[in-house]
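Pasted below: coords-v2.pdb, PDB, C-alpha atoms.
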ATOM      1  CA  SER A  28     -24.224 -11.538   6.448
ATOM      2  CA  ARG A  29     -25.040 -12.658   2.906
ATOM      3  CA  TRP A  30     -22.995 -12.235  -0.232
ATOM      4  CA  ALA A  31     -24.034 -10.334  -3.331
ATOM      5  CA  ARG A  32     -22.165 -11.296  -6.475
ATOM      6  CA  LEU A  33     -21.854  -9.378  -9.707
ATOM      7  CA  ASN A  34     -19.744  -9.255 -12.816
ATOM      8  CA  LEU A  35     -18.255  -5.959 -13.961
ATOM      9  CA  GLN A  36     -17.170  -5.509 -17.552
ATOM     10  CA  CYS A  37     -14.231  -3.127 -17.200
ATOM     11  CA  PRO A  38     -11.980  -1.715 -19.941
ATOM     12  CA  CYS A  39      -9.428  -4.358 -18.904
ATOM     13  CA  GLY A  40     -11.932  -7.226 -19.053
ATOM     14  CA  LEU A  41     -14.393  -9.093 -16.833
ATOM     15  CA  VAL A  42     -13.956  -8.625 -13.095
ATOM     16  CA  ARG A  43     -15.926 -10.805 -10.682
ATOM     17  CA  VAL A  44     -17.028  -8.998  -7.518
ATOM     18  CA  LYS A  45     -18.328 -10.325  -4.201
ATOM     19  CA  VAL A  46     -19.911  -8.009  -1.605
ATOM     20  CA  ALA A  47     -20.882  -8.923   1.956
ATOM     21  CA  MET A  48     -24.267  -7.373   2.761
ATOM     22  CA  GLU A  49     -24.520  -6.379   6.415
ATOM     23  CA  ASP A  50     -27.939  -5.109   7.547
ATOM     24  CA  GLY A  51     -28.735  -4.179   3.983
ATOM     25  CA  ARG A  52     -25.529  -2.256   3.463
ATOM     26  CA  PRO A  53     -22.304  -3.314   1.710
ATOM     27  CA  GLY A  54     -19.429  -4.372   3.943
ATOM     28  CA  ALA A  55     -16.377  -6.351   2.944
ATOM     29  CA  VAL A  56     -15.814  -6.383  -0.823
ATOM     30  CA  SER A  57     -13.502  -8.518  -2.919
ATOM     31  CA  PHE A  58     -12.904  -9.024  -6.608
ATOM     32  CA  VAL A  59     -11.000 -11.492  -8.756
ATOM     33  CA  SER A  60      -8.794  -9.728 -11.265
ATOM     34  CA  VAL A  61      -8.163 -10.168 -14.934
ATOM     35  CA  PRO A  62      -4.911 -12.062 -15.697
ATOM     36  CA  ALA A  63      -2.023 -10.151 -14.131
ATOM     37  CA  PHE A  64       1.656 -10.480 -14.944
ATOM     38  CA  ALA A  65       5.127  -9.050 -14.472
ATOM     39  CA  PHE A  66       6.165  -7.250 -17.632
ATOM     40  CA  ALA A  67       9.694  -6.342 -16.502
ATOM     41  CA  LEU A  68      11.907  -6.631 -13.430
ATOM     42  CA  ASN A  69      14.787  -4.230 -12.797
ATOM     43  CA  ARG A  70      14.208  -2.357 -16.056
ATOM     44  CA  GLU A  71      16.656   0.526 -16.309
ATOM     45  CA  ILE A  72      15.411   3.953 -17.319
ATOM     46  CA  VAL A  73      16.949   7.413 -17.295
ATOM     47  CA  VAL A  74      15.113  10.122 -15.371
ATOM     48  CA  ASP A  75      16.042  13.763 -15.921
ATOM     49  CA  GLY A  76      18.063  15.067 -13.003
ATOM     50  CA  LEU A  77      18.311  11.650 -11.366
ATOM     51  CA  GLY A  78      20.199   9.581 -13.894
ATOM     52  CA  ARG A  79      19.705   5.846 -14.282
ATOM     53  CA  LEU A  80      17.408   3.948 -11.967
ATOM     54  CA  LYS A  81      15.655   0.588 -11.998
ATOM     55  CA  ILE A  82      11.925  -0.050 -11.986
ATOM     56  CA  ASP A  83       9.626  -3.043 -12.095
ATOM     57  CA  ILE A  84       6.614  -2.924 -14.409
ATOM     58  CA  GLY A  85       3.549  -4.976 -13.598
ATOM     59  CA  TYR A  86       0.112  -5.357 -15.138
ATOM     60  CA  GLY A  87      -2.982  -5.847 -12.990
ATOM     61  CA  GLY A  88      -5.688  -4.309 -15.150
ATOM     62  CA  ALA A  89      -3.378  -1.422 -16.004
ATOM     63  CA  PHE A  90       0.394  -1.111 -16.289
ATOM     64  CA  TYR A  91       2.323   0.446 -13.400
ATOM     65  CA  ALA A  92       5.959   1.203 -12.740
ATOM     66  CA  VAL A  93       6.827   0.140  -9.201
ATOM     67  CA  LEU A  94       9.835   1.138  -7.103
ATOM     68  CA  PRO A  95      10.702   2.073  -3.501
ATOM     69  CA  ALA A  96      10.239   5.673  -2.442
ATOM     70  CA  THR A  97      13.690   5.484  -0.864
ATOM     71  CA  THR A  98      15.072   5.722  -4.414
ATOM     72  CA  PHE A  99      14.301   9.440  -4.022
ATOM     73  CA  ASN A 100      15.138   9.635  -0.302
ATOM     74  CA  LEU A 101      11.407   9.754   0.420
ATOM     75  CA  ASP A 102       9.161   7.881   2.851
ATOM     76  CA  VAL A 103       5.666   6.873   1.735
ATOM     77  CA  ARG A 104       4.218   7.379   5.211
ATOM     78  CA  ARG A 105       6.037  10.570   6.184
ATOM     79  CA  SER A 106       7.148  12.574   3.163
ATOM     80  CA  PRO A 107       4.943  15.359   1.771
ATOM     81  CA  VAL A 108       2.478  14.015  -0.788
ATOM     82  CA  ARG A 109       3.565  16.709  -3.251
ATOM     83  CA  ASP A 110       7.138  15.367  -3.182
ATOM     84  CA  LEU A 111       5.937  11.804  -3.685
ATOM     85  CA  VAL A 112       3.713  12.861  -6.591
ATOM     86  CA  ASP A 113       6.540  14.788  -8.254
ATOM     87  CA  ALA A 114       8.898  11.803  -8.029
ATOM     88  CA  ALA A 115       6.314   9.309  -9.294
ATOM     89  CA  ASP A 116       5.273  11.552 -12.155
ATOM     90  CA  ARG A 117       8.876  11.933 -13.309
ATOM     91  CA  VAL A 118       9.221   8.146 -13.399
ATOM     92  CA  THR A 119       5.975   7.749 -15.325
ATOM     93  CA  ARG A 120       6.962  10.299 -17.962
ATOM     94  CA  ALA A 121      10.420   8.797 -18.421
ATOM     95  CA  ALA A 122       9.148   5.219 -18.618
ATOM     96  CA  GLN A 123       6.403   6.156 -21.076
ATOM     97  CA  LYS A 124       9.055   7.449 -23.452
ATOM     98  CA  GLN A 125      11.635   4.707 -22.947
ATOM     99  CA  VAL A 126       9.698   1.442 -22.462
ATOM    100  CA  GLN A 127       7.569  -0.129 -25.180
ATOM    101  CA  LEU A 128       4.790  -2.018 -23.428
ATOM    102  CA  GLU A 129       2.919  -5.025 -24.766
ATOM    103  CA  HIS A 130      -0.438  -6.526 -23.854
ATOM    104  CA  PRO A 131      -1.036  -9.720 -25.862
ATOM    105  CA  ASP A 132      -4.840  -9.634 -25.654
ATOM    106  CA  SER A 133      -5.539  -5.918 -26.002
ATOM    107  CA  PRO A 134      -3.101  -3.471 -27.625
ATOM    108  CA  ASP A 135      -5.247  -0.578 -26.369
ATOM    109  CA  LEU A 136      -4.125  -1.407 -22.806
ATOM    110  CA  ALA A 137      -0.408  -1.235 -23.628
ATOM    111  CA  PHE A 138       0.340   2.091 -21.954
ATOM    112  CA  LEU A 139       1.820   2.998 -18.583
ATOM    113  CA  TYR A 140      -1.023   4.263 -16.414
ATOM    114  CA  GLY A 141       1.085   5.433 -13.493
ATOM    115  CA  THR A 142       3.790   4.805 -10.918
ATOM    116  CA  ILE A 143       3.518   3.221  -7.482
ATOM    117  CA  LEU A 144       6.059   4.213  -4.851
ATOM    118  CA  THR A 145       6.373   1.669  -2.041
ATOM    119  CA  ASP A 146       8.005   1.352   1.354
ATOM    120  CA  GLY A 147      10.183  -1.429  -0.068
ATOM    121  CA  SER A 148       8.427  -4.350   1.637
ATOM    122  CA  SER A 149       6.310  -6.992  -0.088
ATOM    123  CA  GLY A 150       3.271  -6.859   2.173
ATOM    124  CA  ALA A 151       3.622 -10.513   3.190
ATOM    125  CA  ARG A 152       4.927  -9.869   6.718
ATOM    126  CA  GLY A 153       2.852  -6.796   7.506
ATOM    127  CA  PRO A 154       1.201  -3.907   5.656
ATOM    128  CA  SER A 155       3.272  -2.479   2.823
ATOM    129  CA  ALA A 156       2.620   1.221   2.336
ATOM    130  CA  ASN A 157       2.346   2.584  -1.173
ATOM    131  CA  ILE A 158       1.147   5.617  -3.061
ATOM    132  CA  CYS A 159      -0.282   5.236  -6.539
ATOM    133  CA  VAL A 160       0.107   8.282  -8.792
ATOM    134  CA  PHE A 161      -1.796   7.797 -12.037
ATOM    135  CA  ALA A 162      -3.219   9.594 -15.070
ATOM    136  CA  ASP A 163      -2.647  13.354 -14.708
ATOM    137  CA  ARG A 164      -0.788  13.330 -11.351
ATOM    138  CA  GLU A 165      -3.847  11.941  -9.558
ATOM    139  CA  VAL A 166      -3.422  10.123  -6.233
ATOM    140  CA  ASP A 167      -5.563   7.156  -5.274
ATOM    141  CA  ARG A 168      -7.034   7.317  -1.773
ATOM    142  CA  SER A 169      -7.014   3.514  -1.648
ATOM    143  CA  PRO A 170      -4.054   1.161  -2.125
ATOM    144  CA  THR A 171      -5.447   0.739  -5.699
ATOM    145  CA  GLY A 172      -7.069  -2.518  -6.801
ATOM    146  CA  SER A 173      -5.249  -2.844 -10.110
ATOM    147  CA  GLY A 174      -2.047  -1.613  -8.478
ATOM    148  CA  VAL A 175      -2.249  -4.173  -5.673
ATOM    149  CA  THR A 176      -2.866  -6.835  -8.323
ATOM    150  CA  ALA A 177       0.210  -5.705 -10.264
ATOM    151  CA  ARG A 178       2.343  -5.662  -7.114
ATOM    152  CA  ILE A 179       1.349  -9.233  -6.251
ATOM    153  CA  ALA A 180       2.180 -10.362  -9.794
ATOM    154  CA  LEU A 181       5.614  -8.781  -9.374
ATOM    155  CA  ASN A 182       6.099 -10.378  -5.939
ATOM    156  CA  VAL A 183       5.356 -13.821  -7.351
ATOM    157  CA  ALA A 184       7.599 -13.249 -10.381
ATOM    158  CA  ARG A 185      10.480 -12.552  -7.994
ATOM    159  CA  ASN A 186       9.619 -15.401  -5.639
ATOM    160  CA  PRO A 187       7.225 -18.103  -6.901
ATOM    161  CA  ALA A 188       6.756 -19.384  -3.340
ATOM    162  CA  ALA A 189       5.038 -16.081  -2.550
ATOM    163  CA  ALA A 190       1.989 -17.374  -4.435
ATOM    164  CA  ALA A 191       0.936 -19.016  -1.174
ATOM    165  CA  GLU A 192       1.096 -15.762   0.814
ATOM    166  CA  THR A 193      -1.600 -13.264   1.739
ATOM    167  CA  PHE A 194      -0.436  -9.683   1.218
ATOM    168  CA  THR A 195      -1.592  -6.476   2.887
ATOM    169  CA  PHE A 196      -1.191  -3.041   1.333
ATOM    170  CA  GLU A 197      -1.833   0.383   2.844
ATOM    171  CA  SER A 198      -2.449   3.706   1.114
ATOM    172  CA  VAL A 199      -1.461   7.197   2.238
ATOM    173  CA  THR A 200      -4.913   7.530   3.879
ATOM    174  CA  GLY A 201      -4.372   4.396   5.944
ATOM    175  CA  ALA A 202      -6.874   2.352   3.916
ATOM    176  CA  ARG A 203      -5.891  -1.299   3.575
ATOM    177  CA  PHE A 204      -6.480  -3.994   0.961
ATOM    178  CA  GLU A 205      -5.598  -7.655   1.263
ATOM    179  CA  GLY A 206      -4.652  -9.711  -1.762
ATOM    180  CA  ARG A 207      -3.796 -13.287  -2.616
ATOM    181  CA  VAL A 208      -3.308 -15.405  -5.700
ATOM    182  CA  ALA A 209      -6.653 -16.939  -6.641
ATOM    183  CA  ASP A 210      -5.601 -18.958  -9.672
ATOM    184  CA  GLU A 211      -2.979 -19.379 -12.354
ATOM    185  CA  ALA A 212      -3.650 -17.934 -15.792
ATOM    186  CA  SER A 213      -1.852 -16.934 -18.958
ATOM    187  CA  CYS A 214      -1.693 -13.851 -21.108
ATOM    188  CA  GLY A 215       0.036 -14.499 -24.411
ATOM    189  CA  ARG A 216       3.715 -15.150 -23.767
ATOM    190  CA  PHE A 217       3.447 -14.004 -20.145
ATOM    191  CA  PRO A 218       2.855 -16.418 -17.255
ATOM    192  CA  ALA A 219      -0.019 -14.804 -15.407
ATOM    193  CA  LEU A 220      -2.250 -15.190 -12.384
ATOM    194  CA  ARG A 221      -5.601 -13.986 -11.143
ATOM    195  CA  VAL A 222      -5.563 -12.111  -7.863
ATOM    196  CA  GLU A 223      -8.328 -11.759  -5.292
ATOM    197  CA  VAL A 224      -8.273  -8.321  -3.679
ATOM    198  CA  GLY A 225     -10.433  -7.429  -0.685
ATOM    199  CA  GLY A 226     -11.260  -4.341   1.333
ATOM    200  CA  ARG A 227     -14.189  -2.377   2.715
ATOM    201  CA  ALA A 228     -16.939  -0.452   0.928
ATOM    202  CA  TYR A 229     -19.034   2.362   2.346
ATOM    203  CA  TYR A 230     -22.513   3.292   1.199
ATOM    204  CA  SER A 231     -22.509   6.678  -0.516
ATOM    205  CA  GLY A 232     -25.671   6.805  -2.639
ATOM    206  CA  ARG A 233     -27.908   5.125  -5.145
ATOM    207  CA  SER A 234     -28.607   5.688  -8.829
ATOM    208  CA  VAL A 235     -31.282   4.195 -11.049
TER     209      VAL A 235
END
Before anything else, please render the file you have as structure tokens.
Amino acid sequence: SRWARLNLQCPCGLVRVKVAMEDGRPGAVSFVSVPAFAFALNREIVVDGLGRLKIDIGYGGAFYAVLPATTFNLDVRRSPVRDLVDAADRVTRAAQKQVQLEHPDSPDLAFLYGTILTDGSSGARGPSANICVFADREVDRSPTGSGVTARIALNVARNPAAAAETFTFESVTGARFEGRVADEASCGRFPALRVEVGGRAYYSGRSV
């Protein structure tokens, strides 16, 4: 196979992409993220009907609240998607009202895009399942590139030694992404890192 490389200018900044071309079609794809960082660990918020609970907030191209689905007695792999979406959306709405976010390089990015419910594992010792609920209660079919990046930033903030690990994340469809720390970076007052995220791409069409 040969590699095709391109740069994508995204709302969050420049993302460098590498695509393996296999018989003229795209195969394995990876990208190196914009600087990612942990904004908050164990931040307490109050959710209507649930009381006080703790969330992590990470940035990986967008801001996400991250917490285990077991907080709501749910299982990412087995619970109805509607129940997972309802729980995640309640967290997003509460955190949007109660947490003032900050992005040193771009104030326009300082908003909570969504909530990621996880199975509670880090992804370092086997696939960590998660569901990303973003925007208007939308669910990502993939593990979510920016979400995976944010989760790795949070993992490393909790355990700096995890920077040497390769992480695997799985979505509710069974799709998997791998991620690893590619380089150290900075973002204003936040220690940051760039993450390489990889997965598979499937040809769906062409536009000119």
*the PyMOL selection byres ((chain A and resi 217) around 8) resolved against shown file, as a ChimeraX atom specification*: /A:64-66,213-216,218-219
Evaluating the PyMOL selection byres ((chain A and resi 42) around 9) on the displayed file yields which residues, as a PDB file with C-alpha atoms, in the frame of the given file?
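And here's out38.pdb as it stands now:
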ATOM      1  CA  LEU A  33     -21.854  -9.378  -9.707  1.00  0.00           C
ATOM      2  CA  ASN A  34     -19.744  -9.255 -12.816  1.00  0.00           C
ATOM      3  CA  LEU A  35     -18.255  -5.959 -13.961  1.00  0.00           C
ATOM      4  CA  GLN A  36     -17.170  -5.509 -17.552  1.00  0.00           C
ATOM      5  CA  CYS A  37     -14.231  -3.127 -17.200  1.00  0.00           C
ATOM      6  CA  CYS A  39      -9.428  -4.358 -18.904  1.00  0.00           C
ATOM      7  CA  GLY A  40     -11.932  -7.226 -19.053  1.00  0.00           C
ATOM      8  CA  LEU A  41     -14.393  -9.093 -16.833  1.00  0.00           C
ATOM      9  CA  ARG A  43     -15.926 -10.805 -10.682  1.00  0.00           C
ATOM     10  CA  VAL A  44     -17.028  -8.998  -7.518  1.00  0.00           C
ATOM     11  CA  PHE A  58     -12.904  -9.024  -6.608  1.00  0.00           C
ATOM     12  CA  VAL A  59     -11.000 -11.492  -8.756  1.00  0.00           C
ATOM     13  CA  SER A  60      -8.794  -9.728 -11.265  1.00  0.00           C
ATOM     14  CA  VAL A  61      -8.163 -10.168 -14.934  1.00  0.00           C
TER      15      VAL A  61
END
_Polymer residues at most 9 Å from Glu192 in chain A, only C-alpha atoms, same-chain spacing of 3 or more positions, as a VMD selection string_ = chain A and resid 151 188 to 189 206 to 208
*Distance query 8 Å from (-8.3, -2.3, -5.6) using only C-alpha atoms, result as a PyMOL selection string*: chain A and resi 169-176+204+224-226
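The shell of residues at most 10 Å from Leu128 in chain A, with all atoms listed in the file counted and near chain neighbours (fewer than 6 positions) removed, consists of Phe66, Ala67, Ile84, Phe90, Ala122, Pro134, Leu136, Ala137, Phe138 and Leu139 of chain A.
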*asked:* Rounded to one decimal, what separation in Å do you get between CA of Met48 in chain A and CA of Gly87 in chain A?
replied: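 CA of Gly87 in chain A lies 26.5 Å from CA of Met48 in chain A.
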Please put the answer as lines of an AutoDock Vina configuration file: centre and edge lengths, in Å with one decimal, of a box along x, y and z that encloses all listed atoms of range 214-220 of chain A plus 3 Å on each side.
center_x = 0.7
center_y = -15.1
center_z = -18.4
size_x = 12.0
size_y = 8.6
size_z = 18.0
_Using the chain letters and numbers from this file, what does the PyMOL selection byres ((chain A and resi 142) around 8) select? Give the answer as a list in words._
Tyr91, Ala92, Val93, Ala115, Asp116, Val118, Thr119, Tyr140, Gly141, Ile143, Leu144, Cys159, Val160 and Phe161 of chain A
Incomplete range 83-109 of chain A filled out to N, CA, C and O atoms as an mmCIF file, keeping the file's coordinate frame:
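This is the output file selection_6.cif:
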data_model
loop_
_atom_site.group_PDB
_atom_site.id
_atom_site.type_symbol
_atom_site.label_atom_id
_atom_site.label_comp_id
_atom_site.auth_asym_id
_atom_site.auth_seq_id
_atom_site.Cartn_x
_atom_site.Cartn_y
_atom_site.Cartn_z
ATOM 1 N N ASP A 83 10.388 -1.881 -11.671
ATOM 2 C CA ASP A 83 9.626 -3.043 -12.095
ATOM 3 C C ASP A 83 8.374 -2.528 -12.795
ATOM 4 O O ASP A 83 7.851 -1.451 -12.451
ATOM 5 N N ILE A 84 7.860 -3.284 -13.745
ATOM 6 C CA ILE A 84 6.614 -2.924 -14.409
ATOM 7 C C ILE A 84 5.682 -4.124 -14.344
ATOM 8 O O ILE A 84 6.024 -5.223 -14.791
ATOM 9 N N GLY A 85 4.526 -3.910 -13.740
ATOM 10 C CA GLY A 85 3.549 -4.976 -13.598
ATOM 11 C C GLY A 85 2.219 -4.572 -14.182
ATOM 12 O O GLY A 85 1.868 -3.384 -14.230
ATOM 13 N N TYR A 86 1.459 -5.585 -14.607
ATOM 14 C CA TYR A 86 0.112 -5.357 -15.138
ATOM 15 C C TYR A 86 -0.901 -6.031 -14.231
ATOM 16 O O TYR A 86 -0.771 -7.220 -13.913
ATOM 17 N N GLY A 87 -1.920 -5.286 -13.817
ATOM 18 C CA GLY A 87 -2.982 -5.847 -12.990
ATOM 19 C C GLY A 87 -4.341 -5.319 -13.367
ATOM 20 O O GLY A 87 -5.222 -5.172 -12.517
ATOM 21 N N GLY A 88 -4.506 -5.014 -14.658
ATOM 22 C CA GLY A 88 -5.688 -4.309 -15.150
ATOM 23 C C GLY A 88 -5.271 -2.995 -15.770
ATOM 24 O O GLY A 88 -5.993 -2.367 -16.541
ATOM 25 N N ALA A 89 -4.087 -2.562 -15.408
ATOM 26 C CA ALA A 89 -3.378 -1.422 -16.004
ATOM 27 C C ALA A 89 -1.898 -1.649 -15.715
ATOM 28 O O ALA A 89 -1.537 -2.415 -14.815
ATOM 29 N N PHE A 90 -1.046 -0.989 -16.491
ATOM 30 C CA PHE A 90 0.394 -1.111 -16.289
ATOM 31 C C PHE A 90 0.878 -0.040 -15.311
ATOM 32 O O PHE A 90 0.502 1.139 -15.429
ATOM 33 N N TYR A 91 1.729 -0.472 -14.375
ATOM 34 C CA TYR A 91 2.323 0.446 -13.400
ATOM 35 C C TYR A 91 3.822 0.206 -13.306
ATOM 36 O O TYR A 91 4.278 -0.946 -13.323
ATOM 37 N N ALA A 92 4.567 1.294 -13.168
ATOM 38 C CA ALA A 92 5.959 1.203 -12.740
ATOM 39 C C ALA A 92 5.960 1.163 -11.218
ATOM 40 O O ALA A 92 5.192 1.888 -10.571
ATOM 41 N N VAL A 93 6.798 0.316 -10.654
ATOM 42 C CA VAL A 93 6.827 0.140 -9.201
ATOM 43 C C VAL A 93 8.268 0.226 -8.726
ATOM 44 O O VAL A 93 9.159 -0.444 -9.278
ATOM 45 N N LEU A 94 8.496 1.028 -7.690
ATOM 46 C CA LEU A 94 9.835 1.138 -7.103
ATOM 47 C C LEU A 94 9.726 1.731 -5.708
ATOM 48 O O LEU A 94 8.726 2.377 -5.374
ATOM 49 N N PRO A 95 10.748 1.533 -4.864
ATOM 50 C CA PRO A 95 10.702 2.073 -3.501
ATOM 51 C C PRO A 95 10.845 3.588 -3.499
ATOM 52 O O PRO A 95 11.615 4.162 -4.281
ATOM 53 N N ALA A 96 10.120 4.221 -2.600
ATOM 54 C CA ALA A 96 10.239 5.673 -2.442
ATOM 55 C C ALA A 96 11.630 6.081 -1.990
ATOM 56 O O ALA A 96 12.072 7.210 -2.245
ATOM 57 N N THR A 97 12.341 5.165 -1.330
ATOM 58 C CA THR A 97 13.690 5.484 -0.864
ATOM 59 C C THR A 97 14.642 5.771 -2.026
ATOM 60 O O THR A 97 15.711 6.353 -1.809
ATOM 61 N N THR A 98 14.277 5.362 -3.236
ATOM 62 C CA THR A 98 15.072 5.722 -4.414
ATOM 63 C C THR A 98 15.263 7.233 -4.481
ATOM 64 O O THR A 98 16.288 7.722 -4.973
ATOM 65 N N PHE A 99 14.279 7.970 -3.976
ATOM 66 C CA PHE A 99 14.301 9.440 -4.022
ATOM 67 C C PHE A 99 14.505 10.034 -2.636
ATOM 68 O O PHE A 99 14.206 11.209 -2.413
ATOM 69 N N ASN A 100 14.979 9.196 -1.691
ATOM 70 C CA ASN A 100 15.138 9.635 -0.302
ATOM 71 C C ASN A 100 13.809 10.111 0.285
ATOM 72 O O ASN A 100 13.770 11.086 1.055
ATOM 73 N N LEU A 101 12.736 9.427 -0.077
ATOM 74 C CA LEU A 101 11.407 9.754 0.420
ATOM 75 C C LEU A 101 10.851 8.584 1.212
ATOM 76 O O LEU A 101 11.306 7.449 1.096
ATOM 77 N N ASP A 102 9.840 8.884 2.036
ATOM 78 C CA ASP A 102 9.161 7.881 2.851
ATOM 79 C C ASP A 102 7.672 7.975 2.540
ATOM 80 O O ASP A 102 7.077 9.041 2.683
ATOM 81 N N VAL A 103 7.076 6.849 2.134
ATOM 82 C CA VAL A 103 5.666 6.873 1.735
ATOM 83 C C VAL A 103 4.767 7.371 2.858
ATOM 84 O O VAL A 103 3.800 8.094 2.620
ATOM 85 N N ARG A 104 5.086 7.016 4.092
ATOM 86 C CA ARG A 104 4.218 7.379 5.211
ATOM 87 C C ARG A 104 4.488 8.775 5.764
ATOM 88 O O ARG A 104 3.629 9.352 6.426
ATOM 89 N N ARG A 105 5.674 9.316 5.506
ATOM 90 C CA ARG A 105 6.037 10.570 6.184
ATOM 91 C C ARG A 105 6.349 11.740 5.257
ATOM 92 O O ARG A 105 6.227 12.895 5.660
ATOM 93 N N SER A 106 6.763 11.478 4.058
ATOM 94 C CA SER A 106 7.148 12.574 3.163
ATOM 95 C C SER A 106 5.914 13.322 2.656
ATOM 96 O O SER A 106 4.818 12.738 2.559
ATOM 97 N N PRO A 107 6.065 14.601 2.324
ATOM 98 C CA PRO A 107 4.943 15.359 1.771
ATOM 99 C C PRO A 107 4.409 14.700 0.500
ATOM 100 O O PRO A 107 5.188 14.246 -0.349
ATOM 101 N N VAL A 108 3.093 14.644 0.377
ATOM 102 C CA VAL A 108 2.478 14.015 -0.788
ATOM 103 C C VAL A 108 2.946 14.687 -2.075
ATOM 104 O O VAL A 108 3.177 14.026 -3.090
ATOM 105 N N ARG A 109 3.116 16.000 -2.046
ATOM 106 C CA ARG A 109 3.565 16.709 -3.251
ATOM 107 C C ARG A 109 4.913 16.169 -3.735
ATOM 108 O O ARG A 109 5.112 15.979 -4.936
#
